[in-house]
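Here's work-v7.txt, which has compact mmCIF, C-alpha atoms:
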```
# COMPACT_ATOMS: atom_id res chain seq x y z
CA MET A 1 -5.21 5.27 -3.57
CA THR A 2 -6.90 4.84 -6.92
CA THR A 3 -9.91 5.80 -8.91
CA ALA A 4 -10.91 2.21 -9.61
CA GLU A 5 -14.46 1.05 -8.98
CA HIS A 6 -14.88 -1.11 -5.90
CA ARG A 7 -17.89 -3.34 -5.62
CA ARG A 8 -18.48 -6.64 -3.88
CA PRO A 9 -18.06 -9.55 -6.33
CA THR A 10 -21.10 -11.63 -7.14
CA THR A 11 -19.26 -14.34 -9.07
CA ALA A 12 -18.67 -17.71 -7.37
CA PRO A 13 -15.07 -18.10 -6.13
CA GLU A 14 -14.36 -20.92 -8.59
CA ASP A 15 -15.45 -18.70 -11.47
CA LEU A 16 -13.57 -15.58 -10.44
CA GLY A 17 -10.29 -16.66 -11.99
CA PRO A 18 -11.62 -17.43 -15.48
CA ALA A 19 -13.68 -14.24 -15.49
CA LEU A 20 -10.70 -12.10 -14.48
CA HIS A 21 -8.48 -13.98 -16.92
CA ALA A 22 -10.74 -13.02 -19.80
CA ARG A 23 -10.62 -9.40 -18.73
CA ALA A 24 -6.84 -9.46 -18.23
CA GLU A 25 -6.32 -10.74 -21.75
CA ALA A 26 -8.81 -8.28 -23.23
CA THR A 27 -7.21 -5.28 -21.52
CA GLY A 28 -3.57 -6.28 -22.02
CA LEU A 29 -2.61 -6.68 -18.37
CA SER A 30 1.08 -6.95 -17.63
CA GLY A 31 1.08 -8.60 -14.24
CA VAL A 32 -0.55 -11.38 -12.21
CA VAL A 33 -4.08 -12.45 -11.32
CA HIS A 34 -4.37 -14.70 -8.26
CA VAL A 35 -7.44 -16.13 -6.52
CA SER A 36 -7.22 -18.27 -3.39
CA ARG A 37 -9.43 -19.61 -0.65
CA GLY A 38 -7.63 -20.38 2.57
CA GLY A 39 -4.56 -22.34 1.53
CA GLU A 40 -6.07 -23.41 -1.80
CA VAL A 41 -5.06 -21.63 -4.99
CA LEU A 42 -8.11 -21.40 -7.22
CA PHE A 43 -6.45 -19.48 -10.04
CA ALA A 44 -3.00 -18.04 -10.72
CA ARG A 45 -1.76 -16.69 -14.03
CA ALA A 46 0.73 -14.13 -15.28
CA TYR A 47 0.51 -11.85 -18.31
CA GLY A 48 2.84 -9.62 -20.29
CA TRP A 49 6.46 -8.83 -19.51
CA ALA A 50 8.40 -8.55 -16.28
CA ASP A 51 11.39 -7.11 -18.16
CA ARG A 52 10.78 -5.81 -21.67
CA ALA A 53 14.42 -5.07 -22.49
CA ARG A 54 15.51 -8.63 -21.72
CA GLY A 55 12.37 -10.29 -23.03
CA VAL A 56 11.48 -11.86 -19.68
CA ALA A 57 7.83 -12.87 -19.51
CA ALA A 58 6.00 -12.25 -16.25
CA CYS A 59 5.35 -15.33 -14.12
CA VAL A 60 3.23 -15.82 -11.01
CA GLU A 61 6.39 -16.06 -8.88
CA HIS A 62 7.63 -12.59 -9.83
CA ARG A 63 7.71 -9.88 -7.17
CA PHE A 64 5.88 -6.67 -8.06
CA GLY A 65 5.93 -3.21 -6.53
CA VAL A 66 2.64 -2.57 -4.74
CA ALA A 67 2.94 1.10 -3.67
CA SER A 68 0.33 2.01 -1.02
CA VAL A 69 -0.39 -1.61 -0.13
CA ALA A 70 2.53 -0.90 2.21
CA LYS A 71 0.31 1.36 4.33
CA GLY A 72 -1.40 -1.66 5.87
CA PHE A 73 1.98 -3.08 6.85
CA THR A 74 3.01 0.26 8.33
CA ALA A 75 -0.16 0.33 10.40
CA LEU A 76 0.59 -3.16 11.70
CA ALA A 77 4.19 -2.32 12.60
CA VAL A 78 3.00 0.74 14.53
CA ALA A 79 0.24 -1.30 16.18
CA SER A 80 2.79 -3.84 17.37
CA LEU A 81 4.65 -1.05 19.18
CA VAL A 82 1.38 0.06 20.76
CA GLU A 83 0.82 -3.53 21.94
CA GLU A 84 4.20 -3.37 23.68
CA GLY A 85 3.38 -0.07 25.34
CA ARG A 86 6.11 1.77 23.47
CA LEU A 87 3.54 3.96 21.71
CA GLY A 88 -0.07 4.88 22.42
CA TRP A 89 -2.86 5.42 19.92
CA ASP A 90 -3.49 8.90 21.28
CA ASP A 91 0.16 9.81 21.80
CA PRO A 92 1.20 13.06 20.11
CA VAL A 93 4.11 12.45 17.76
CA ARG A 94 5.87 15.71 18.64
CA PRO A 95 7.96 14.19 21.47
CA VAL A 96 9.39 11.68 18.98
CA LEU A 97 9.92 14.30 16.27
CA GLY A 98 11.64 16.77 18.56
CA ASP A 99 12.61 19.82 16.52
CA ASP A 100 12.06 18.09 13.18
CA LEU A 101 9.07 19.05 10.99
CA PRO A 102 8.04 22.14 12.96
CA LEU A 103 5.08 22.76 10.64
CA VAL A 104 3.37 19.59 11.92
CA ASP A 105 0.81 20.58 14.56
CA ASP A 106 1.89 19.54 18.07
CA ARG A 107 -1.55 17.97 18.59
CA VAL A 108 -1.16 15.40 15.79
CA THR A 109 -1.35 11.89 17.23
CA VAL A 110 -0.51 8.38 16.09
CA ASP A 111 -4.20 7.72 15.56
CA HIS A 112 -4.66 10.85 13.45
CA LEU A 113 -1.91 9.67 11.13
CA LEU A 114 -3.27 6.13 10.88
CA ALA A 115 -6.77 7.36 10.02
CA HIS A 116 -5.66 10.10 7.57
CA THR A 117 -7.15 12.80 9.79
CA SER A 118 -3.91 14.51 10.84
CA GLY A 119 -4.39 17.53 8.56
CA ILE A 120 -0.66 17.72 7.84
CA GLY A 121 0.56 18.88 4.45
CA ASP A 122 1.32 16.12 1.95
CA TYR A 123 4.44 15.93 -0.19
CA LEU A 124 2.44 13.98 -2.81
CA ASP A 125 -1.07 15.32 -3.27
CA GLU A 126 -2.95 12.72 -5.27
CA ASN A 127 -5.79 15.15 -5.84
CA GLY A 128 -3.54 17.56 -7.70
CA ASP A 129 -3.31 18.13 -11.43
CA GLY A 130 -1.08 16.08 -13.67
CA GLN A 131 -0.40 12.41 -14.28
CA ILE A 132 0.99 9.95 -11.77
CA THR A 133 3.99 9.57 -14.07
CA ASP A 134 4.96 13.23 -13.69
CA TYR A 135 8.10 13.87 -11.69
CA VAL A 136 6.99 14.72 -8.16
CA LEU A 137 10.04 14.18 -5.92
CA THR A 138 11.70 17.35 -4.66
CA VAL A 139 14.94 15.58 -3.73
CA PRO A 140 16.96 13.17 -5.89
CA PRO A 141 15.47 9.66 -5.80
CA HIS A 142 18.81 8.12 -4.82
CA ALA A 143 18.92 10.25 -1.66
CA LEU A 144 15.73 8.67 -0.33
CA ASP A 145 17.37 5.52 0.99
CA ASP A 146 16.15 5.69 4.60
CA THR A 147 13.05 7.07 6.29
CA GLU A 148 15.11 9.80 7.98
CA ALA A 149 16.15 10.96 4.50
CA TYR A 150 12.52 11.90 3.73
CA LEU A 151 12.59 14.79 6.23
CA PRO A 152 13.66 17.48 3.71
CA MET A 153 10.80 16.43 1.41
CA LEU A 154 8.21 16.53 4.21
CA ALA A 155 9.39 19.69 5.96
CA PRO A 156 8.12 22.50 3.64
CA HIS A 157 4.44 21.52 3.79
CA PRO A 158 2.32 23.41 6.35
CA GLN A 159 -0.67 22.06 8.21
CA VAL A 160 -3.79 22.28 6.01
CA SER A 161 -6.53 21.49 8.54
CA GLU A 162 -7.07 20.97 12.25
CA PRO A 163 -5.99 17.53 13.56
CA GLY A 164 -9.01 15.24 13.63
CA GLU A 165 -11.18 17.63 11.60
CA ARG A 166 -11.57 15.65 8.38
CA PHE A 167 -10.38 12.67 6.35
CA ALA A 168 -7.82 13.42 3.65
CA TYR A 169 -5.76 10.60 2.20
CA ASN A 170 -2.17 11.48 3.04
CA ASN A 171 1.07 9.83 1.96
CA ALA A 172 3.24 12.01 4.16
CA GLY A 173 1.33 10.83 7.22
CA TYR A 174 2.47 7.27 6.65
CA VAL A 175 6.07 8.30 6.11
CA LEU A 176 5.76 10.14 9.41
CA LEU A 177 4.40 6.97 11.05
CA ALA A 178 7.38 5.03 9.70
CA LEU A 179 9.73 7.67 11.09
CA VAL A 180 8.10 7.51 14.51
CA ALA A 181 8.19 3.71 14.53
CA GLN A 182 11.82 3.61 13.42
CA ARG A 183 12.90 6.05 16.12
CA VAL A 184 10.90 4.38 18.89
CA ALA A 185 12.07 0.87 17.99
CA GLY A 186 15.65 1.86 17.15
CA VAL A 187 15.43 -0.37 14.06
CA PRO A 188 15.41 0.66 10.38
CA PHE A 189 11.83 0.71 9.19
CA PRO A 190 12.18 -2.05 6.52
CA ASP A 191 13.73 -4.33 9.15
CA LEU A 192 10.97 -3.46 11.61
CA VAL A 193 8.29 -4.47 9.10
CA ALA A 194 10.17 -7.66 8.26
CA GLU A 195 10.46 -8.63 11.92
CA ARG A 196 6.99 -7.70 13.12
CA VAL A 197 4.77 -8.24 10.07
CA LEU A 198 6.38 -10.22 7.26
CA GLY A 199 7.93 -12.90 9.46
CA PRO A 200 4.77 -13.72 11.43
CA ALA A 201 2.76 -13.73 8.19
CA GLY A 202 5.15 -16.11 6.43
CA MET A 203 5.84 -13.58 3.68
CA SER A 204 9.38 -14.66 2.88
CA ARG A 205 9.55 -12.94 -0.51
CA THR A 206 8.29 -9.52 0.53
CA GLY A 207 10.28 -6.43 1.50
CA PHE A 208 11.54 -2.99 0.54
CA PRO A 209 14.13 -3.52 -2.22
CA ARG A 210 16.38 -0.78 -3.56
CA SER A 211 15.45 0.21 -7.09
CA ASP A 212 19.13 0.55 -8.03
CA GLU A 213 19.77 -3.11 -7.18
CA PRO A 214 17.88 -5.04 -9.90
CA ALA A 215 16.89 -8.60 -9.11
CA ALA A 216 15.93 -11.32 -11.55
CA ASP A 217 12.64 -12.04 -9.75
CA LEU A 218 11.53 -8.39 -9.44
CA ALA A 219 9.29 -7.10 -12.23
CA VAL A 220 10.33 -3.77 -13.72
CA GLY A 221 7.79 -0.95 -13.43
CA TYR A 222 6.98 0.85 -16.69
CA LEU A 223 5.57 4.33 -17.30
CA ASP A 224 3.59 3.36 -20.40
CA ALA A 225 1.65 0.37 -21.65
CA GLU A 226 4.40 -0.09 -24.22
CA GLY A 227 7.91 1.29 -24.44
CA PRO A 228 11.20 1.08 -22.56
CA ARG A 229 10.93 3.84 -19.93
CA THR A 230 10.88 2.59 -16.35
CA ASN A 231 9.81 4.24 -13.10
CA VAL A 232 13.27 4.25 -11.52
CA LEU A 233 13.53 8.07 -11.56
CA HIS A 234 9.98 8.63 -10.31
CA LEU A 235 10.12 6.78 -7.00
CA PRO A 236 12.45 6.81 -3.98
CA VAL A 237 15.35 4.39 -4.26
CA ARG A 238 13.95 2.66 -1.18
CA GLY A 239 10.39 2.97 0.02
CA SER A 240 9.06 3.95 3.43
CA GLY A 241 5.75 3.85 5.27
CA ASP A 242 3.63 5.03 2.35
CA GLY A 243 4.94 2.72 -0.37
CA GLY A 244 7.86 0.92 -1.93
CA LEU A 245 6.97 -2.61 -0.86
CA ALA A 246 7.54 -5.46 -3.33
CA THR A 247 5.74 -8.76 -2.95
CA THR A 248 4.20 -11.72 -4.72
CA ALA A 249 0.58 -12.65 -5.14
CA ALA A 250 1.21 -15.82 -3.12
CA ASP A 251 2.67 -13.82 -0.22
CA LEU A 252 -0.41 -11.58 -0.21
CA ALA A 253 -2.63 -14.66 -0.22
CA ALA A 254 -0.74 -15.81 2.90
CA PHE A 255 -0.96 -12.39 4.55
CA TRP A 256 -4.71 -12.18 4.98
CA PRO A 257 -5.24 -15.45 6.89
CA ALA A 258 -2.29 -14.55 9.13
CA LEU A 259 -3.84 -11.15 9.81
CA THR A 260 -7.36 -12.36 10.56
CA ALA A 261 -6.07 -15.24 12.72
CA GLY A 262 -4.19 -12.79 14.95
CA ARG A 263 -0.72 -14.08 14.11
CA ILE A 264 0.65 -10.57 13.43
CA VAL A 265 -1.11 -8.56 16.14
CA PRO A 266 -3.91 -9.73 18.48
CA PRO A 267 -7.46 -9.92 17.12
CA ALA A 268 -8.59 -6.89 19.16
CA THR A 269 -5.89 -4.81 17.48
CA VAL A 270 -6.84 -6.15 14.04
CA ALA A 271 -10.42 -5.12 14.81
CA ARG A 272 -9.27 -1.60 15.68
CA LEU A 273 -7.25 -1.23 12.47
CA THR A 274 -10.10 -2.54 10.31
CA GLU A 275 -12.87 -0.63 12.08
CA PRO A 276 -14.62 1.48 9.40
CA LEU A 277 -14.21 5.13 10.37
CA ARG A 278 -15.05 6.98 7.16
CA VAL A 279 -17.09 6.45 4.03
CA VAL A 280 -14.96 7.66 1.12
CA GLU A 281 -17.55 8.20 -1.55
CA ASP A 282 -15.25 8.88 -4.49
CA GLU A 283 -13.53 5.54 -3.82
CA GLY A 284 -16.72 3.59 -3.18
CA MET A 285 -15.22 2.17 -0.01
CA ARG A 286 -14.79 2.80 3.70
CA TYR A 287 -11.52 3.44 5.51
CA GLY A 288 -10.22 2.28 8.85
CA ARG A 289 -6.62 2.66 9.98
CA GLY A 290 -4.30 1.58 7.19
CA PHE A 291 -6.96 -0.61 5.60
CA TRP A 292 -9.83 -0.06 3.18
CA LEU A 293 -13.11 -1.91 3.62
CA GLY A 294 -15.94 -2.69 1.25
CA LEU A 295 -18.71 -0.12 1.11
CA ASP A 296 -21.42 -2.64 1.96
CA SER A 297 -19.39 -5.68 2.99
CA PRO A 298 -16.71 -6.72 5.52
CA ASP A 299 -14.17 -7.20 2.69
CA LEU A 300 -10.68 -6.01 3.60
CA VAL A 301 -8.74 -4.22 0.86
CA LEU A 302 -5.22 -2.95 0.29
CA GLU A 303 -4.29 -1.20 -2.93
CA GLY A 304 -1.55 0.82 -4.52
CA TYR A 305 -1.17 3.19 -7.45
CA ASP A 306 2.02 4.89 -8.54
CA ALA A 307 4.24 5.41 -11.54
CA GLY A 308 4.68 1.94 -13.00
CA VAL A 309 2.67 0.27 -10.21
CA SER A 310 -0.93 -0.87 -9.85
CA ALA A 311 -2.03 -3.40 -7.26
CA ARG A 312 -5.07 -4.47 -5.33
CA THR A 313 -5.68 -7.35 -2.95
CA ARG A 314 -9.12 -8.00 -1.46
CA HIS A 315 -9.99 -10.54 1.24
CA ASP A 316 -13.41 -11.74 2.32
CA PRO A 317 -13.10 -12.79 6.00
CA ALA A 318 -16.36 -14.76 5.82
CA THR A 319 -15.35 -17.06 2.96
CA GLY A 320 -11.56 -16.84 3.13
CA VAL A 321 -11.42 -15.86 -0.55
CA THR A 322 -8.60 -13.52 -1.59
CA VAL A 323 -8.40 -11.86 -5.01
CA THR A 324 -5.16 -10.14 -5.99
CA VAL A 325 -4.23 -8.31 -9.17
CA LEU A 326 -0.70 -6.95 -9.58
CA GLY A 327 0.51 -4.84 -12.49
CA ASN A 328 3.81 -3.27 -13.52
CA THR A 329 2.20 -0.32 -15.31
CA SER A 330 0.41 2.56 -13.63
CA ASP A 331 -3.10 1.69 -14.77
CA GLY A 332 -2.75 -1.96 -15.77
CA ALA A 333 -4.66 -3.54 -12.88
CA TRP A 334 -7.70 -1.26 -12.89
CA PRO A 335 -9.42 -2.39 -16.12
CA VAL A 336 -9.19 -5.95 -14.80
CA LEU A 337 -10.74 -4.91 -11.51
CA ARG A 338 -13.68 -3.36 -13.32
CA ALA A 339 -14.50 -6.73 -14.84
CA PRO A 340 -17.92 -8.30 -14.22
CA ALA A 341 -16.17 -10.72 -11.86
CA ASP A 342 -15.42 -7.79 -9.58
CA GLY A 343 -18.80 -6.14 -9.85
```
So that I can check it, write out the structure of this file as structure tokens.
Amino acid sequence: MTTAEHRRPTTAPEDLGPALHARAEATGLSGVVHVSRGGEVLFARAYGWADRARGVAACVEHRFGVASVAKGFTALAVASLVEEGRLGWDDPVRPVLGDDLPLVDDRVTVDHLLAHTSGIGDYLDENGDGQITDYVLTVPPHALDDTEAYLPMLAPHPQVSEPGERFAYNNAGYVLLALVAQRVAGVPFPDLVAERVLGPAGMSRTGFPRSDEPAADLAVGYLDAEGPRTNVLHLPVRGSGDGGLATTAADLAAFWPALTAGRIVPPATVARLTEPLRVVEDEGMRYGRGFWLGLDSPDLVLEGYDAGVSARTRHDPATGVTVTVLGNTSDGAWPVLRAPADG
């Protein structure tokens, strides 16, 4: 979740790219701007550096970390299990948890977690004091290599409100969803997402890479606008349901048509996930289940914000236009998204 401004664009699709390009150059974006309509790329350009130490310039084909964009993919993986009858929207998660996480209220359901209304304690409170680049992990990053490994980090946090009582954006809830999905399916969570979401969407260059296995096509995340320090010690070595996905702008452009056409889960399930449940005033958007929506439009939005990561992809179902901005610094994408083209 971010503090960026979110307003429906008024610029014509053909003019969005040039307008965002001007803003990207003016604000020093390190990342990618991509605008598409259906299968047509209207604009695609990269800026800055993918790897400062090696002098590798960013290109539109680079993969970038996208943090909480992963929550939409988690919601879809869980929804696919509901479609198969292996989970229910209103199923309590306690039977799957067993004796693990005893501080989670026994009444918390799959739907509570999807809609951020579970009331469970969060291991990463984004409303707390401090910068996103502060160290926040309570276990060594290298130990977080599987969703089961997150249990010690989730366990100490007590319930903070009654299940279903109120909306509170919650990272731990999506790790918990990943844990439930992994246990029910008997498949590691990254493989589950690859099989049920990425494959049907044609997203061949998307996944949950390990941060200790550098790849030439994966942009390095940086803590500052300039300087050598990376985010490798700030994030889990492998992501889970709340973040850690890496993708390309082209893969995200392919994702939205696949979603809205019902190629990942049936249209009725897509409608449930993208049903606006809450107006989140400080974000200027509405929230469904894993997906943001425009405040006064049907636009579908996924976004992520973390140490060395800033990403937002917005799709207009009526026109088929998708706008994606990816950055490999914490705040790099947001000045671009505040451009007149996005307002």
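With only C-alpha atoms as the atoms that count, the residue of A:Ser330, A:Thr324, A:Ser240, A:Thr269 with the shortest distance to A:Thr74 is A:Ser240.
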TODO: Please provide the set of residues having any atom within 8 Å of A:Ala50, restricted to only C-alpha atoms, with same-chain residues fewer than 2 positions apart removed, written as an NGL selection string.
DONE: :A and (30-31 or 48 or 52 or 56-59 or 62 or 218-220 or 328)
- [ ] Would you be able to write out as a PyMOL selection string which residues have an atom within 12 Å of (11.4, 17.8, 12.8) in the file's coordinates, counting all atoms listed in the file?
- [x] chain A and resi 93-106+148-157+176+179-180
Around all the atoms of stretch 151-159 of chain A listed in the file, with 5 Å of room on each side, what axis-aligned box do you get, giving centre and edge lengths in Å to one decimal, as JSON?
```
{"center_x": 6.5, "center_y": 19.1, "center_z": 4.8, "size_x": 24.3, "size_y": 18.6, "size_z": 16.8}
```
Open item on the list: Measuring between all atoms listed in the file, which one of A:Ala185, A:Val309, A:Ala46, A:Ala215 shows the shortest distance to A:Leu235?
Closed with: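 Going through A:Ala185, A:Val309, A:Ala46, A:Ala215 one by one, the smallest distance to A:Leu235 is for A:Val309.
Here atom CA of A:Arg238 and atom CA of A:Ser161 stand 29.5 Å from one another.
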Task: Polymer residues at most 12 Å from A:Pro267, all atoms listed in the file, same-chain spacing of 4 or more positions, as a list in words - done: Leu76, Ala79, Ser80, Glu83, Pro257, Ala258, Leu259, Thr260, Ala261, Gly262, Arg263, Ala271, Arg272, Leu273, Thr274 and Glu275 of chain A
- [ ] May I have the residues within 7 Å of stretch 107-116 of chain A as a ChimeraX atom specification, using only C-alpha atoms and disregarding those fewer than 2 positions away in the same chain?
- [x] /A:75,89-93,105,118,163-164,167-170,173-174,177,288-290
TODO: May I have the residues within 7 Å of A:Gly308 as a list in words, using only C-alpha atoms and disregarding those fewer than 5 positions away in the same chain?
DONE: Gly221, Tyr222, Leu223, Asn231, Asn328, Thr329 and Ser330 of chain A
Task: Distance criterion (all atoms listed in the file): nearest to A:Arg183 out of A:Ser211, A:Thr230, A:Thr117, A:Thr147 - done: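 Comparing A:Ser211, A:Thr230, A:Thr117, A:Thr147 against A:Arg183, the winner is A:Thr147.
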- [ ] Tell me which protein, DNA and RNA residues are within 10 Å of A:Gly65, counting all atoms listed in the file, leaving out same-chain ones fewer than 3 positions away, and put them as number ranges by chain.
- [x] A: 68-70, 206-209, 218-221, 243-248, 304-306, 308-311, 326-329
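Considering all atoms listed in the file, the residue among A:Asp217, A:Leu252, A:Ala77, A:Leu137 positioned nearest to A:Arg196 is A:Ala77.
Residue nearest A:Gly28, chosen from A:Trp49, A:Leu302, A:Gln182, A:Val193 and counting all atoms listed in the file: A:Trp49.
We find atom CA of A:Arg229 and atom CA of A:Ala250 to be spaced 27.6 Å apart.
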TODO: Can you work out the spacing between atom CA of A:Glu213 and atom CA of A:Ile264 in Å, to one decimal?
DONE: 29.1 Å
- [ ] Using all atoms listed in the file, pick whichever of A:Phe73, A:Tyr287, A:Asp296, A:Ala216 has the shortest atom-to-atom distance to A:Ala201.
- [x] A:Phe73
Can you put N, CA and C atoms back into stretch 265-293 of chain A and show it as a PDB file, in the coordinates of the input?
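Okay, part21.pdb is ready:
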```pdb
ATOM      1  N   VAL A 265      -0.733  -9.269  14.911  1.00  0.00           N
ATOM      2  CA  VAL A 265      -1.110  -8.560  16.140  1.00  0.00           C
ATOM      3  C   VAL A 265      -2.382  -9.222  16.649  1.00  0.00           C
ATOM      4  N   PRO A 266      -2.717  -9.063  17.926  1.00  0.00           N
ATOM      5  CA  PRO A 266      -3.910  -9.730  18.480  1.00  0.00           C
ATOM      6  C   PRO A 266      -5.184  -9.324  17.766  1.00  0.00           C
ATOM      7  N   PRO A 267      -6.199 -10.198  17.818  1.00  0.00           N
ATOM      8  CA  PRO A 267      -7.460  -9.920  17.120  1.00  0.00           C
ATOM      9  C   PRO A 267      -8.094  -8.584  17.499  1.00  0.00           C
ATOM     10  N   ALA A 268      -7.994  -8.176  18.760  1.00  0.00           N
ATOM     11  CA  ALA A 268      -8.590  -6.890  19.160  1.00  0.00           C
ATOM     12  C   ALA A 268      -7.910  -5.734  18.433  1.00  0.00           C
ATOM     13  N   THR A 269      -6.618  -5.861  18.197  1.00  0.00           N
ATOM     14  CA  THR A 269      -5.890  -4.810  17.480  1.00  0.00           C
ATOM     15  C   THR A 269      -6.236  -4.838  15.998  1.00  0.00           C
ATOM     16  N   VAL A 270      -6.380  -6.038  15.435  1.00  0.00           N
ATOM     17  CA  VAL A 270      -6.840  -6.150  14.040  1.00  0.00           C
ATOM     18  C   VAL A 270      -8.197  -5.476  13.893  1.00  0.00           C
ATOM     19  N   ALA A 271      -9.087  -5.720  14.865  1.00  0.00           N
ATOM     20  CA  ALA A 271     -10.420  -5.120  14.810  1.00  0.00           C
ATOM     21  C   ALA A 271     -10.338  -3.598  14.849  1.00  0.00           C
ATOM     22  N   ARG A 272      -9.413  -3.064  15.620  1.00  0.00           N
ATOM     23  CA  ARG A 272      -9.270  -1.600  15.680  1.00  0.00           C
ATOM     24  C   ARG A 272      -8.782  -1.053  14.334  1.00  0.00           C
ATOM     25  N   LEU A 273      -7.791  -1.713  13.739  1.00  0.00           N
ATOM     26  CA  LEU A 273      -7.250  -1.230  12.470  1.00  0.00           C
ATOM     27  C   LEU A 273      -8.273  -1.331  11.345  1.00  0.00           C
ATOM     28  N   THR A 274      -9.130  -2.323  11.403  1.00  0.00           N
ATOM     29  CA  THR A 274     -10.100  -2.540  10.310  1.00  0.00           C
ATOM     30  C   THR A 274     -11.488  -2.031  10.659  1.00  0.00           C
ATOM     31  N   GLU A 275     -11.596  -1.265  11.733  1.00  0.00           N
ATOM     32  CA  GLU A 275     -12.870  -0.630  12.080  1.00  0.00           C
ATOM     33  C   GLU A 275     -13.176   0.468  11.071  1.00  0.00           C
ATOM     34  N   PRO A 276     -14.329   0.431  10.395  1.00  0.00           N
ATOM     35  CA  PRO A 276     -14.620   1.480   9.400  1.00  0.00           C
ATOM     36  C   PRO A 276     -14.901   2.816  10.082  1.00  0.00           C
ATOM     37  N   LEU A 277     -14.086   3.801   9.765  1.00  0.00           N
ATOM     38  CA  LEU A 277     -14.210   5.130  10.370  1.00  0.00           C
ATOM     39  C   LEU A 277     -14.839   6.150   9.438  1.00  0.00           C
ATOM     40  N   ARG A 278     -14.595   5.989   8.133  1.00  0.00           N
ATOM     41  CA  ARG A 278     -15.050   6.980   7.160  1.00  0.00           C
ATOM     42  C   ARG A 278     -15.593   6.292   5.921  1.00  0.00           C
ATOM     43  N   VAL A 279     -16.658   6.832   5.373  1.00  0.00           N
ATOM     44  CA  VAL A 279     -17.090   6.450   4.030  1.00  0.00           C
ATOM     45  C   VAL A 279     -16.409   7.403   3.056  1.00  0.00           C
ATOM     46  N   VAL A 280     -15.667   6.851   2.124  1.00  0.00           N
ATOM     47  CA  VAL A 280     -14.960   7.660   1.120  1.00  0.00           C
ATOM     48  C   VAL A 280     -15.697   7.476  -0.194  1.00  0.00           C
ATOM     49  N   GLU A 281     -16.600   8.387  -0.456  1.00  0.00           N
ATOM     50  CA  GLU A 281     -17.550   8.200  -1.550  1.00  0.00           C
ATOM     51  C   GLU A 281     -16.882   8.113  -2.913  1.00  0.00           C
ATOM     52  N   ASP A 282     -15.850   8.912  -3.158  1.00  0.00           N
ATOM     53  CA  ASP A 282     -15.250   8.880  -4.490  1.00  0.00           C
ATOM     54  C   ASP A 282     -14.450   7.600  -4.724  1.00  0.00           C
ATOM     55  N   GLU A 283     -14.186   6.834  -3.664  1.00  0.00           N
ATOM     56  CA  GLU A 283     -13.530   5.540  -3.820  1.00  0.00           C
ATOM     57  C   GLU A 283     -14.519   4.387  -3.754  1.00  0.00           C
ATOM     58  N   GLY A 284     -15.746   4.653  -3.322  1.00  0.00           N
ATOM     59  CA  GLY A 284     -16.720   3.590  -3.180  1.00  0.00           C
ATOM     60  C   GLY A 284     -16.358   2.579  -2.126  1.00  0.00           C
ATOM     61  N   MET A 285     -15.646   3.041  -1.091  1.00  0.00           N
ATOM     62  CA  MET A 285     -15.220   2.170  -0.010  1.00  0.00           C
ATOM     63  C   MET A 285     -15.267   2.923   1.314  1.00  0.00           C
ATOM     64  N   ARG A 286     -14.967   2.198   2.386  1.00  0.00           N
ATOM     65  CA  ARG A 286     -14.790   2.800   3.700  1.00  0.00           C
ATOM     66  C   ARG A 286     -13.328   2.672   4.104  1.00  0.00           C
ATOM     67  N   TYR A 287     -12.920   3.488   5.079  1.00  0.00           N
ATOM     68  CA  TYR A 287     -11.520   3.440   5.510  1.00  0.00           C
ATOM     69  C   TYR A 287     -11.443   3.270   7.015  1.00  0.00           C
ATOM     70  N   GLY A 288     -10.486   2.472   7.431  1.00  0.00           N
ATOM     71  CA  GLY A 288     -10.220   2.280   8.850  1.00  0.00           C
ATOM     72  C   GLY A 288      -8.935   2.964   9.246  1.00  0.00           C
ATOM     73  N   ARG A 289      -7.950   2.149   9.647  1.00  0.00           N
ATOM     74  CA  ARG A 289      -6.620   2.660   9.980  1.00  0.00           C
ATOM     75  C   ARG A 289      -5.594   1.830   9.204  1.00  0.00           C
ATOM     76  N   GLY A 290      -5.228   2.309   8.042  1.00  0.00           N
ATOM     77  CA  GLY A 290      -4.300   1.580   7.190  1.00  0.00           C
ATOM     78  C   GLY A 290      -4.957   0.607   6.230  1.00  0.00           C
ATOM     79  N   PHE A 291      -6.243   0.363   6.411  1.00  0.00           N
ATOM     80  CA  PHE A 291      -6.960  -0.610   5.600  1.00  0.00           C
ATOM     81  C   PHE A 291      -8.248   0.002   5.042  1.00  0.00           C
ATOM     82  N   TRP A 292      -8.541  -0.338   3.773  1.00  0.00           N
ATOM     83  CA  TRP A 292      -9.830  -0.060   3.180  1.00  0.00           C
ATOM     84  C   TRP A 292     -10.783  -1.196   3.499  1.00  0.00           C
ATOM     85  N   LEU A 293     -12.067  -0.908   3.464  1.00  0.00           N
ATOM     86  CA  LEU A 293     -13.110  -1.910   3.620  1.00  0.00           C
ATOM     87  C   LEU A 293     -14.158  -1.713   2.548  1.00  0.00           C
TER      88      LEU A 293
END
```
